[in-house]
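Inspection log for the structure reproduced underneath, given as C-alpha cells.
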Amino acid sequence: MEIRAQDYKVVPVACPHNCGGKCLLKAHIRNGVIERISTDEERGEAAVPPLRGCARGRAYRQRIYAPDRLQYPMLRDGRRGEGKFRRISWDEALDRVAEGMARIKMDYGCASIMNMSSSGSVFACLHNPSWVFRLLNMFGGQTQLVGNISNEAGNFAARYTYGTTQITNEMNGLENSKLIILWGWDPAVSIHSTSTTWHIMRSREKGIRIIAIDPRYTDSAAALSEQWVPIRPGTDAAMLAAMAYVILEEGLEDRVFLDRFVYGFQEYSDYVTGAADGAPKTPQWAELLTGVAAGTITEIAREYATSKPAALMSGMGPGRSPHGEQFFRAAAALSAMTGNVGILGGSAAIPGGAFNTARFFKGPKVPSNPTGISININGWAEAMLKGKEGGYPSDIKMVYCVAGNLLNQLGNINKGVEALSKLDFMVVHEQFMTPTARFADVLLPATTSFEREDVFHPWAGIGNYALYSQKVIEPMHECKNDLEILTLLAQRLGLEDFNDKTEPEWLDHILAGSGIEDVEEFKRSGLYRFKMSRPHVALQENIEHLEKTPLKTPTGKIELYSSRLAEQNNEELPPIPSYIPGWESDQSAEAGNYPLVLLTPQSKKRCHSIYDNIPLLQEIEPHTMWINPRDAAQRGIHDGDRTRVRSKVGKTHVTARVTERIMPGVVSIDEGRWYNPGQDGVDMAGSANALVQDGPSPGGAARLNNNRVEVEKVLA
Ligand SMILES: Nc1nc2c(c(=O)[nH]1)N[C@H]1C(S)=C(S)[C@@H](COP(=O)(O)OP(=O)(O)OC[C@H]3O[C@@H](n4cnc5c(=O)[nH]c(N)nc54)[C@H](O)[C@@H]3O)O[C@H]1N2
Ligand SMILES: Nc1nc2c(c(=O)[nH]1)N[C@H]1C(S)=C(S)[C@@H](COP(=O)(O)OP(=O)(O)OC[C@H]3O[C@@H](n4cnc5c(=O)[nH]c(N)nc54)[C@H](O)[C@@H]3O)O[C@H]1N2
Ligand SMILES: [Mo]
C-alpha cells in the first residue's frame with residue numbers, strides 16, 4: 001500500500017529532559033502510532049535561530065516504545081536493590097505508598113523523608129517535580145536536597161561578583177564578538193541552549209577567532225576553534241591570574257570601566273602582582289601549574305585584552321570540581337578588567353541564566369517546608385548513613401523520588417548503595433529500571449512527555465521562546481502522569497487541597513499568565529518567540545545606568561573583592577579570586593597513589609543517564625575512557641583494551657580509547673552510564689560516579705570533575 005503524507009498527522013512535541021537544549025520536535029503519527037520524528041527545518045537567522053533537535057530527540061521513538069519501559073506498578077520482591085519485583089495493581093500500589101508514608105510520619109516524623117526527585121522533567125511547566133515538593137510539604141515536610149548540581153560554583157561566584165545569577169547573554173550576541181574563548185566549554189556536545197553551536201559556526205564563518213581551552217580536544221575544539229590549548233584540570237584560576245598579570249604589566253586593562261563599575265581591583269592586582277603575598281602570578285609561574293606554555297598565556301592575554309568585544313565563555317564543567325568557584329571568580333575578574341561585562345559581543349564569563357522565562361508560566365504553589373530541613377545534595381548518602389548522631393539534622397528512613405537518578409548521578413555510588421540499602425521505605429516514579437529505581441519498595445510507571453500535554457521553557461532560561469508539546473499518543477501500558485499519581489496519592493493521604501484543577505485547566509492557567517496572545521497558534525505550531533527590541537545582554541541595564549540600577553552587591557558594583565566573603569573568614573573562600581591547589585592537584589599527597597585526573601563530561605549519546613539503554617544512540621560511539629598514548633604505554637594499555645580504574649572511593653571497568661585528544665595525565669569517562677555491579681560489587685559498566693568522590697566544594701558545588709584515579713589493564 002502506498003503511504004502518502006496526508007495519512008500522517010504531524011504534531012509538535014518536546015523532549016522534556018535536562019539536556020542543555022529545548023528543541024522543536026514533530027511527531028508523525030499514523031493509526032495512533034509514532035512512525036517518525038522530525039524537527040525544525042527552518043534555515044534561521046541570528047534573531048530567530050532554528051530550534052533543531054539532535055540525535056537524542058530524533059531517537060525518542062525508541063525510548064517511548066522501548067521493550068524495557070516500566071509497564072505496571074511493582075512491589076519489591078527480594079533484597080533491596082536486587083531489582084526483583086512483582087506486579088501489583090494501581091490501587092494496591094497507591095494504598096501501600098499512603099500506608100507507608102503514614103507509618104513513617106507516625107514513627108519518625110516527616111523530617112525522615114528525603115526527597116530525591118531530580119531533573120528528569122524539570123523544564124516542563126506542568127509535569128515537573130515541584131508537585132512532589134508540594135505534596136511532601138503539605139503532608140508535613142521533608143528533608144530537602146539543596147544546591148544546583150550543574151552550576152553551584154557558577155551561582156556562588158555570580159552572586160558574590162555580580163549580585164545575580166542572571167548573567168548570560170543571548171547566544172546570538174556571540175556573532176558580534178571579535179574573539180570567542182571556549183573555556184572548559186564544549187557546546188557542540190554539552191548543549192547549552194539549542195542554537196548556540198549554530199551561532200558559533202556562523203561566527204567562525206564571519207572570521208571571528210575562536211580558541212578552546214580544555215584538557216580534552218573536544219568536538220567544539222575540533223569543529224569550531226582555530227586553536228586548542230590543553231590545560232591541567234583545576235588550574236584555570238592560575239592561568240587567568242597570569243593573564244591578568246600580563247594585562248596589568250602591559251597596561252591593557254580598561255581603566256574607565258574599572259573606575260566606574262568595579263570594586264576591589266586594587267586587591268586583586270595586589271594578588272596578581274605578588275604585592276600581597278610575594279608571589280607574582282607570572283606566566284612562568286602559571287606554566288608550571290597549568291602545563292600551558294608561558295608564551296601562549298601571554299599571547300592569549302594580549303589578544304583577549306585587545307579584541308573588544310571578546311566573549312570569554314566558560315562552561316560549567318570546570319566549576320564542578322574541588323575549587324570550582326575560584327575559576328569563575330577569576331574569569332569574571334578578567335572580563336571586568338577588560339570591560340567586557342554588559343556589552344554586546346562580550347560576556348560576564350560565568351555561566352548562568354539569560355531570560356527568566358519560567359516567570360511567565362505560573363504553575364502550582366509550593367508551600368514552605370514545615371521541617372525547614374535541607375542538606376547539600378552532594379552529601380545525601382553521607383547524611384543518610386550518619387544521621388543525627390553524625391551531626392546531620394535528620395535521620396532518613398524514607399525516600400520519595402520522581403524523575404531522578406541521583407544514585408547514579410552524584411559522586412560515590414558505593415556509598416549511595418550502602419545508604420539506600422538501609423532505608424525503611426522508598427517510592428520511585430520512573431520510566432525505566434534505573435540503578436536508583438532498583439532500590440524502590442514501590443515502583444510506579446510514569447508517562448513520557450509524548451503521552452501528556454505541556455509547555456516548556458528553555459534550559460537555564462537561555463533562549464527567548466516557549467514550546468508547546470502536544471499529547472501524541474495515549475499513555476503506554478499502565479503508565480500514568482506523575483501529577484495524576486500524586487493527586488491520587490494525595491486523596492489517600494487526606495490532602496484535599498493538593499490539586500484543584502484538571503490538567504487542561506492547569507494548562508489554561510499557565511498560558512493565561514504567559515503573555516502569549518494567540519494560544520491556538522502556539523498549540524498548533526508548537527513554538528512562540530517572545531518579542532525583543534534588541535539582543536539580550538545580561539547586566540547591560542546596570543552598566544548603562546549604574547546610578548539608577550546598581551548591581552545587587554553590597555557596593556552596587558562588580559566585586560572582585562567581596563567583603564561578604566572576607567567576613568566568612570574561610571581560607572578556601574578568599575575575598576578575591578585565587579588559585580587554590582586542593583587534594584585533587586598534582587602537588588597533593590593523593591597524586592602519588594592516583595597519578596591521573598578524571599574528567600566526566602556530558603555525553604552526546606545521553607542526557608545525563610537518560611537514553612543509556614537506547615540502542616540507536618549506542619551506535620553513535622562506544623562508551624570508553626579517553627587516555628593519552630603516553631599514559632597508556634606506561635601501563636601497557638592498547639586501544640580497545642579493558643581496564644580497571646580505581647579511585648579512593650571505588651572501582652569500575654571500562655574500555656580504553658587511546659587518543660591524543662586528551663592531554664597526558666588526564667583521563668575522561670562520559671557521565672551518565674548506568675552503574676551495573678558484577679558479582680564482587682564492582683561496577684562493570686564504566687559508570688563515572690563509581691569513582692567520583694561525594695561531598696561539596698567549599699562553595700557548595702558538586703565535585704564531579706578532577707578526581708584522582710589510577711588505571712590498569714585487565715588481564716584476560
Ligand atoms: N549532550 C548533553 N548535553 C547536555 C547535558 C547532557 O546530559 N547531555 N546536560 C546539560 C546539563 S544539565 C548541564 S549542567 C550542562 C553541563 O555543561 P558543562 O558542565 O559545560 O559540560 P561538561 O561536558 O561537563 O564540561 C565541559 C568541558 O569542561 C571541560 N573541563 C572539565 N574540567 C575542566 C577544568 O578543570 N578546566 C578546563 N579548562 N576544562 C575542564 C571538559 O573537558 C568538558 O569538555 O550540559 C547540558 N548539556
Ligand atoms: N560524574 C558526573 N555526574 C554528573 C554530571 C557530570 O558532569 N559528571 N552532571 C550532573 C548534572 S549537571 C546533573 S543536572 C545531574 C542530573 O541528575 P538526574 O536528574 O538524577 O539525572 P537524569 O539521568 O536526568 O535522571 C532523570 C531520571 O528521570 C526519569 N524521567 C524522565 N522524565 C520523567 C518523567 O516525566 N517522570 C518520571 N517519573 N521520571 C522521568 C529518567 O528516566 C531518569 O532516570 O547529573 C549530574 N551527574
Ligand atoms: Mo546539570
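Residue names in the C-alpha cells use chain letters A, B, ... in the order shown, residue numbers from 1 in each chain, and ligand numbers from 1 in the order shown.
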
Could you report the residues within 9 Å of ligand 3, using only C-alpha atoms and all ligand atoms, as a PyMOL selection string? chain A and resi 18-20+119+148-151+316+608

Based on the selection just made, write N, CA and C atoms of those residues as a PDB file, in the first residue's frame.
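The resulting part.pdb:
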```
ATOM      1  N   ASN A  18      16.594  17.239  31.058  1.00  0.00           N
ATOM      2  CA  ASN A  18      17.512  18.297  31.465  1.00  0.00           C
ATOM      3  C   ASN A  18      18.793  18.221  30.635  1.00  0.00           C
ATOM      4  N   CYS A  19      18.605  18.259  29.329  1.00  0.00           N
ATOM      5  CA  CYS A  19      19.747  18.429  28.436  1.00  0.00           C
ATOM      6  C   CYS A  19      19.788  19.926  28.199  1.00  0.00           C
ATOM      7  N   GLY A  20      20.903  20.442  27.714  1.00  0.00           N
ATOM      8  CA  GLY A  20      21.003  21.896  27.589  1.00  0.00           C
ATOM      9  C   GLY A  20      20.143  22.495  26.490  1.00  0.00           C
ATOM     10  N   SER A 119      16.009  15.980  37.999  1.00  0.00           N
ATOM     11  CA  SER A 119      15.804  16.889  36.869  1.00  0.00           C
ATOM     12  C   SER A 119      15.191  16.276  35.614  1.00  0.00           C
ATOM     13  N   ASN A 148      22.641  23.465  43.417  1.00  0.00           N
ATOM     14  CA  ASN A 148      22.450  23.218  41.996  1.00  0.00           C
ATOM     15  C   ASN A 148      23.585  22.317  41.513  1.00  0.00           C
ATOM     16  N   ILE A 149      23.242  21.077  41.139  1.00  0.00           N
ATOM     17  CA  ILE A 149      24.293  20.121  40.753  1.00  0.00           C
ATOM     18  C   ILE A 149      25.103  20.689  39.592  1.00  0.00           C
ATOM     19  N   SER A 150      24.410  21.296  38.647  1.00  0.00           N
ATOM     20  CA  SER A 150      25.052  21.762  37.419  1.00  0.00           C
ATOM     21  C   SER A 150      26.065  22.852  37.694  1.00  0.00           C
ATOM     22  N   ASN A 151      25.657  23.834  38.469  1.00  0.00           N
ATOM     23  CA  ASN A 151      26.360  25.107  38.398  1.00  0.00           C
ATOM     24  C   ASN A 151      26.401  25.841  39.735  1.00  0.00           C
ATOM     25  N   MET A 316      30.389  24.883  32.501  1.00  0.00           N
ATOM     26  CA  MET A 316      30.148  24.585  33.917  1.00  0.00           C
ATOM     27  C   MET A 316      31.065  23.477  34.419  1.00  0.00           C
ATOM     28  N   HIS A 608      22.339  13.124  30.666  1.00  0.00           N
ATOM     29  CA  HIS A 608      22.710  12.502  31.934  1.00  0.00           C
ATOM     30  C   HIS A 608      22.593  10.984  31.780  1.00  0.00           C
TER      31      HIS A 608
END
```

Mind the document's chain letters and residue numbers, and return as an NGL selection string the residues of stretch 500-714 of chain A that DSSP labels helix (DSSP H, G or I). :A and (503-512 or 519-525 or 540-544 or 563-568 or 590-593 or 615-618 or 629-634 or 688-690)

Got time to write the residues from that selection, C-alpha atoms, as a PDB file, in the first residue's frame?
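What ended up in again.pdb:
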```
ATOM      1  CA  GLU A 503      -4.701  19.113  33.532  1.00  0.00           C
ATOM      2  CA  PRO A 504      -6.416  21.156  30.783  1.00  0.00           C
ATOM      3  CA  GLU A 505      -7.377  23.726  33.428  1.00  0.00           C
ATOM      4  CA  TRP A 506      -3.781  23.896  34.596  1.00  0.00           C
ATOM      5  CA  LEU A 507      -2.545  24.439  31.053  1.00  0.00           C
ATOM      6  CA  ASP A 508      -5.071  27.251  30.577  1.00  0.00           C
ATOM      7  CA  HIS A 509      -3.898  28.766  33.850  1.00  0.00           C
ATOM      8  CA  ILE A 510      -0.237  28.502  32.831  1.00  0.00           C
ATOM      9  CA  LEU A 511      -0.864  30.001  29.399  1.00  0.00           C
ATOM     10  CA  ALA A 512      -3.067  32.772  30.771  1.00  0.00           C
ATOM     11  CA  VAL A 519      -2.683  30.351  22.209  1.00  0.00           C
ATOM     12  CA  GLU A 520      -4.295  28.267  19.466  1.00  0.00           C
ATOM     13  CA  GLU A 521      -1.497  29.119  17.049  1.00  0.00           C
ATOM     14  CA  PHE A 522       1.053  28.307  19.756  1.00  0.00           C
ATOM     15  CA  LYS A 523      -0.520  24.901  20.243  1.00  0.00           C
ATOM     16  CA  ARG A 524      -0.604  24.258  16.504  1.00  0.00           C
ATOM     17  CA  SER A 525       2.954  25.330  15.666  1.00  0.00           C
ATOM     18  CA  GLN A 540      23.510  45.826  30.237  1.00  0.00           C
ATOM     19  CA  GLU A 541      20.934  47.902  32.125  1.00  0.00           C
ATOM     20  CA  ASN A 542      23.231  48.097  35.132  1.00  0.00           C
ATOM     21  CA  ILE A 543      26.263  49.062  33.096  1.00  0.00           C
ATOM     22  CA  GLU A 544      24.371  51.660  31.059  1.00  0.00           C
ATOM     23  CA  SER A 563      33.659  41.910  51.945  1.00  0.00           C
ATOM     24  CA  ARG A 564      30.928  39.333  52.479  1.00  0.00           C
ATOM     25  CA  LEU A 565      33.455  36.610  51.687  1.00  0.00           C
ATOM     26  CA  ALA A 566      36.085  38.307  53.849  1.00  0.00           C
ATOM     27  CA  GLU A 567      33.625  38.143  56.767  1.00  0.00           C
ATOM     28  CA  GLN A 568      33.288  34.390  56.339  1.00  0.00           C
ATOM     29  CA  GLU A 590      46.833  11.838  46.750  1.00  0.00           C
ATOM     30  CA  ALA A 591      48.709  12.291  43.463  1.00  0.00           C
ATOM     31  CA  GLY A 592      51.209   9.561  44.391  1.00  0.00           C
ATOM     32  CA  ASN A 593      48.617   6.804  44.678  1.00  0.00           C
ATOM     33  CA  PRO A 615      20.310   1.020  21.084  1.00  0.00           C
ATOM     34  CA  LEU A 616      20.158   3.597  18.285  1.00  0.00           C
ATOM     35  CA  LEU A 617      22.149   6.078  20.355  1.00  0.00           C
ATOM     36  CA  GLN A 618      24.702   3.476  21.386  1.00  0.00           C
ATOM     37  CA  PRO A 629      49.060   7.327  24.384  1.00  0.00           C
ATOM     38  CA  ARG A 630      51.846   8.227  26.828  1.00  0.00           C
ATOM     39  CA  ASP A 631      49.831   7.179  29.888  1.00  0.00           C
ATOM     40  CA  ALA A 632      48.547   4.114  28.076  1.00  0.00           C
ATOM     41  CA  ALA A 633      52.034   2.995  27.056  1.00  0.00           C
ATOM     42  CA  GLN A 634      53.305   3.356  30.628  1.00  0.00           C
ATOM     43  CA  ALA A 688      31.991   7.544  36.236  1.00  0.00           C
ATOM     44  CA  ASN A 689      30.381   8.160  39.599  1.00  0.00           C
ATOM     45  CA  ALA A 690      31.656   4.837  40.923  1.00  0.00           C
TER      46      ALA A 690
END
```

Protein and nucleic residues near ligand 1, 7 Å, only C-alpha atoms and all ligand atoms, as a short mmCIF file (atom, residue, chain, number, x, y, z; two decimals) with N, CA, C and O atoms, in the first residue's frame:
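Wrote it out as out_32.cif, contents follow:
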```cif
data_model
loop_
_atom_site.label_atom_id
_atom_site.label_comp_id
_atom_site.auth_asym_id
_atom_site.auth_seq_id
_atom_site.Cartn_x
_atom_site.Cartn_y
_atom_site.Cartn_z
N ASN A 18 16.59 17.24 31.06
CA ASN A 18 17.51 18.30 31.47
C ASN A 18 18.79 18.22 30.64
O ASN A 18 19.89 18.08 31.14
N CYS A 19 18.61 18.26 29.33
CA CYS A 19 19.75 18.43 28.44
C CYS A 19 19.79 19.93 28.20
O CYS A 19 18.84 20.62 28.47
N GLY A 20 20.90 20.44 27.71
CA GLY A 20 21.00 21.90 27.59
C GLY A 20 20.14 22.50 26.49
O GLY A 20 20.09 23.71 26.34
N GLY A 21 19.47 21.67 25.71
CA GLY A 21 18.64 22.20 24.64
C GLY A 21 17.17 22.12 24.99
O GLY A 21 16.77 21.44 25.93
N SER A 150 24.41 21.30 38.65
CA SER A 150 25.05 21.76 37.42
C SER A 150 26.07 22.85 37.69
O SER A 150 27.18 22.82 37.18
N ASN A 151 25.66 23.83 38.47
CA ASN A 151 26.36 25.11 38.40
C ASN A 151 26.40 25.84 39.74
O ASN A 151 26.37 27.06 39.77
N TRP A 183 36.07 28.23 27.15
CA TRP A 183 36.91 27.85 28.29
C TRP A 183 36.23 26.74 29.08
O TRP A 183 35.29 27.00 29.82
N GLY A 184 36.72 25.51 28.89
CA GLY A 184 36.05 24.36 29.53
C GLY A 184 34.60 24.31 29.09
O GLY A 184 33.70 24.03 29.87
N TRP A 185 34.39 24.58 27.83
CA TRP A 185 33.02 24.67 27.29
C TRP A 185 32.99 23.94 25.97
O TRP A 185 33.76 24.27 25.07
N ASP A 186 32.09 22.97 25.85
CA ASP A 186 32.02 22.13 24.65
C ASP A 186 30.57 22.09 24.16
O ASP A 186 29.92 21.05 24.18
N VAL A 189 28.73 19.37 22.16
CA VAL A 189 28.30 18.13 22.81
C VAL A 189 27.48 18.44 24.06
O VAL A 189 26.35 17.98 24.21
N SER A 190 28.07 19.22 24.96
CA SER A 190 27.35 19.61 26.19
C SER A 190 26.48 20.80 25.84
O SER A 190 26.89 21.95 26.01
N ILE A 191 25.31 20.50 25.34
CA ILE A 191 24.45 21.54 24.76
C ILE A 191 24.12 22.62 25.81
O ILE A 191 23.68 22.31 26.91
N HIS A 192 24.35 23.86 25.44
CA HIS A 192 23.95 25.00 26.28
C HIS A 192 23.04 25.87 25.44
O HIS A 192 23.48 26.84 24.83
N ILE A 213 40.03 26.20 25.37
CA ILE A 213 40.96 25.89 26.47
C ILE A 213 40.33 24.75 27.27
O ILE A 213 39.33 24.94 27.98
N ASP A 214 40.87 23.57 27.12
CA ASP A 214 40.21 22.38 27.67
C ASP A 214 41.25 21.25 27.72
O ASP A 214 42.02 21.11 26.77
N PRO A 215 41.26 20.44 28.76
CA PRO A 215 42.20 19.31 28.78
C PRO A 215 41.93 18.33 27.65
O PRO A 215 42.79 17.52 27.31
N ARG A 216 40.72 18.39 27.08
CA ARG A 216 40.36 17.48 26.01
C ARG A 216 40.22 18.25 24.70
O ARG A 216 39.75 19.38 24.68
N THR A 218 38.00 18.65 22.38
CA THR A 218 36.57 18.37 22.32
C THR A 218 36.07 18.47 20.88
O THR A 218 36.76 19.01 20.01
N ILE A 231 44.94 22.30 29.09
CA ILE A 231 45.30 22.85 30.40
C ILE A 231 45.08 21.79 31.46
O ILE A 231 44.13 21.00 31.36
N ARG A 232 45.95 21.75 32.48
CA ARG A 232 45.77 20.82 33.60
C ARG A 232 44.45 21.13 34.29
O ARG A 232 44.20 22.28 34.66
N PRO A 233 43.59 20.12 34.51
CA PRO A 233 42.31 20.39 35.18
C PRO A 233 42.52 21.07 36.53
O PRO A 233 43.48 20.77 37.24
N GLY A 234 41.63 21.98 36.84
CA GLY A 234 41.65 22.61 38.16
C GLY A 234 42.65 23.73 38.31
O GLY A 234 42.79 24.29 39.40
N THR A 235 43.37 24.08 37.23
CA THR A 235 44.39 25.13 37.35
C THR A 235 44.00 26.40 36.58
O THR A 235 44.81 27.31 36.43
N ASP A 236 42.77 26.47 36.12
CA ASP A 236 42.35 27.60 35.28
C ASP A 236 42.51 28.94 35.99
O ASP A 236 42.87 29.93 35.36
N GLY A 315 32.43 27.10 30.48
CA GLY A 315 31.47 26.03 30.69
C GLY A 315 31.29 25.81 32.18
O GLY A 315 31.92 26.45 33.01
N MET A 316 30.39 24.88 32.50
CA MET A 316 30.15 24.59 33.92
C MET A 316 31.06 23.48 34.42
O MET A 316 31.25 23.32 35.61
N GLY A 317 31.63 22.71 33.48
CA GLY A 317 32.43 21.54 33.86
C GLY A 317 33.58 21.88 34.79
O GLY A 317 33.76 21.21 35.83
N PRO A 318 34.38 22.92 34.48
CA PRO A 318 35.48 23.24 35.39
C PRO A 318 34.98 23.69 36.77
O PRO A 318 35.73 23.65 37.74
N LEU A 599 38.17 13.34 34.30
CA LEU A 599 37.09 14.23 33.90
C LEU A 599 35.87 13.39 33.55
O LEU A 599 36.01 12.26 33.07
N THR A 600 34.68 13.95 33.77
CA THR A 600 33.44 13.20 33.48
C THR A 600 32.46 14.12 32.75
O THR A 600 31.46 14.53 33.30
N PRO A 601 32.75 14.42 31.48
CA PRO A 601 31.89 15.36 30.73
C PRO A 601 30.55 14.75 30.33
O PRO A 601 30.32 13.56 30.51
N GLN A 602 29.70 15.61 29.76
CA GLN A 602 28.40 15.16 29.24
C GLN A 602 28.64 14.31 28.00
O GLN A 602 29.66 14.45 27.33
N SER A 603 27.67 13.47 27.70
CA SER A 603 27.78 12.59 26.53
C SER A 603 26.84 13.04 25.43
O SER A 603 25.72 13.47 25.71
N LYS A 604 27.27 12.91 24.18
CA LYS A 604 26.35 13.25 23.08
C LYS A 604 25.29 12.17 22.90
O LYS A 604 24.30 12.38 22.23
N LYS A 605 25.50 11.02 23.53
CA LYS A 605 24.52 9.94 23.40
C LYS A 605 23.42 10.02 24.44
O LYS A 605 22.42 9.32 24.34
N ARG A 606 23.68 10.80 25.49
CA ARG A 606 22.75 10.78 26.62
C ARG A 606 22.38 12.18 27.08
O ARG A 606 23.08 13.15 26.80
N CYS A 607 21.28 12.24 27.80
CA CYS A 607 21.02 13.39 28.66
C CYS A 607 21.21 12.82 30.06
O CYS A 607 20.36 12.07 30.53
N HIS A 608 22.34 13.12 30.67
CA HIS A 608 22.71 12.50 31.93
C HIS A 608 22.59 10.98 31.78
O HIS A 608 23.19 10.44 30.88
N ASN A 705 34.16 16.59 38.67
CA ASN A 705 35.38 16.55 37.86
C ASN A 705 36.61 16.61 38.75
O ASN A 705 36.54 17.01 39.90
N ASN A 706 37.75 16.25 38.14
CA ASN A 706 39.06 16.39 38.79
C ASN A 706 39.24 15.50 40.00
O ASN A 706 39.83 15.90 41.00
#
```

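For the pair atom CA of A:Thr553 and atom CA of A:Ala157, the interatomic distance is 11.8 Å.
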
Atom CA of A:Gln166 and atom CA of A:Asn137, how far apart in Å?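 Computing it gives 28.2 Å between the two atoms.
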
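Minimum distance to A:Leu488 across A:Cys401, A:Leu94, A:Leu240, A:Ala294 (counting only C-alpha atoms) occurs at A:Leu94.
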
Skip A:Pro393 itself and residues of its chain fewer than 6 positions away, then list as an MDAnalysis selection string all residues within 9 Å of it, counting only C-alpha atoms. chainID A and resid 111 143 373:375 383 387

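Take the candidates A:Ala59, A:Cys479, A:Ala212, A:Leu75 and check each one against A:Ala440 using only C-alpha atoms; the shortest distance goes to A:Leu75.
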
When you look at A:Ala47 with a cut-off of 8 Å (counting only C-alpha atoms), what residues show up, excluding the ones that are within fewer than 2 positions of it in the same chain? I need them as a PyMOL selection string. chain A and resi 45+49+172+535

Mind dumping the selected residues with N, CA, C and O atoms as a short mmCIF file (atom, residue, chain, number, x, y, z; two decimals), in the first residue's frame?
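The resulting file, selection_15.cif, is reproduced below:
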```cif
data_model
loop_
_atom_site.label_atom_id
_atom_site.label_comp_id
_atom_site.auth_asym_id
_atom_site.auth_seq_id
_atom_site.Cartn_x
_atom_site.Cartn_y
_atom_site.Cartn_z
N GLU A 45 17.86 32.80 11.14
CA GLU A 45 18.76 33.95 11.08
C GLU A 45 19.13 34.28 12.52
O GLU A 45 18.55 33.71 13.45
N PRO A 49 17.02 31.89 15.44
CA PRO A 49 17.79 30.70 15.07
C PRO A 49 16.89 29.47 15.01
O PRO A 49 15.86 29.43 15.67
N ASN A 172 23.01 34.72 20.37
CA ASN A 172 23.26 35.33 19.06
C ASN A 172 24.24 36.50 19.18
O ASN A 172 24.86 36.89 18.19
N PRO A 535 19.07 42.33 21.02
CA PRO A 535 19.56 41.08 21.61
C PRO A 535 19.77 41.27 23.11
O PRO A 535 20.25 42.32 23.54
#
```

Please provide the set of residues having any atom within 9 Å of A:Gly57, restricted to only C-alpha atoms, with same-chain residues fewer than 5 positions apart removed, written as JSON, numbers by chain. {"A": [14, 15, 23, 25, 37, 38, 39]}

Got time to write the residues from that selection, N, CA and C atoms, as a PDB file, in the first residue's frame?
```
ATOM      1  N   ALA A  14       8.073  18.104  22.543  1.00  0.00           N
ATOM      2  CA  ALA A  14       9.410  18.473  23.004  1.00  0.00           C
ATOM      3  C   ALA A  14       9.941  17.351  23.864  1.00  0.00           C
ATOM      4  N   CYS A  15      11.257  17.111  23.819  1.00  0.00           N
ATOM      5  CA  CYS A  15      11.765  16.175  24.820  1.00  0.00           C
ATOM      6  C   CYS A  15      12.016  16.993  26.074  1.00  0.00           C
ATOM      7  N   CYS A  23      14.266  21.712  22.089  1.00  0.00           N
ATOM      8  CA  CYS A  23      14.163  21.752  20.635  1.00  0.00           C
ATOM      9  C   CYS A  23      12.740  21.463  20.191  1.00  0.00           C
ATOM     10  N   LEU A  25      10.377  19.416  18.189  1.00  0.00           N
ATOM     11  CA  LEU A  25      10.273  18.126  17.505  1.00  0.00           C
ATOM     12  C   LEU A  25       8.883  18.006  16.896  1.00  0.00           C
ATOM     13  N   ILE A  37      10.068  10.855  13.803  1.00  0.00           N
ATOM     14  CA  ILE A  37      10.190  12.145  14.480  1.00  0.00           C
ATOM     15  C   ILE A  37      11.091  13.026  13.628  1.00  0.00           C
ATOM     16  N   SER A  38      10.597  14.193  13.286  1.00  0.00           N
ATOM     17  CA  SER A  38      11.436  15.146  12.553  1.00  0.00           C
ATOM     18  C   SER A  38      11.588  16.389  13.425  1.00  0.00           C
ATOM     19  N   THR A  39      12.224  17.413  12.876  1.00  0.00           N
ATOM     20  CA  THR A  39      12.475  18.582  13.720  1.00  0.00           C
ATOM     21  C   THR A  39      12.391  19.858  12.905  1.00  0.00           C
TER      22      THR A  39
END
```

Long-range neighbours of A:Tyr160 as a CSV table (one decimal) with C-alpha atoms, in the first residue's frame, 9 Å cut-off, only C-alpha atoms, 5 positions minimum in chain:
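So the final result, stored in out_11.csv, reads:
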```
chain,number,residue,atom,x,y,z
A,155,ASN,CA,26.0,30.6,41.0
A,329,ARG,CA,35.6,34.4,40.1
A,553,THR,CA,26.2,43.5,45.6
A,558,ILE,CA,31.1,44.3,40.2
A,559,GLU,CA,33.0,43.0,43.2
A,560,LEU,CA,36.5,41.5,42.6
A,561,TYR,CA,36.9,41.9,46.4
A,562,SER,CA,34.0,40.7,48.4
A,564,ARG,CA,30.9,39.3,52.5
A,565,LEU,CA,33.5,36.6,51.7
```
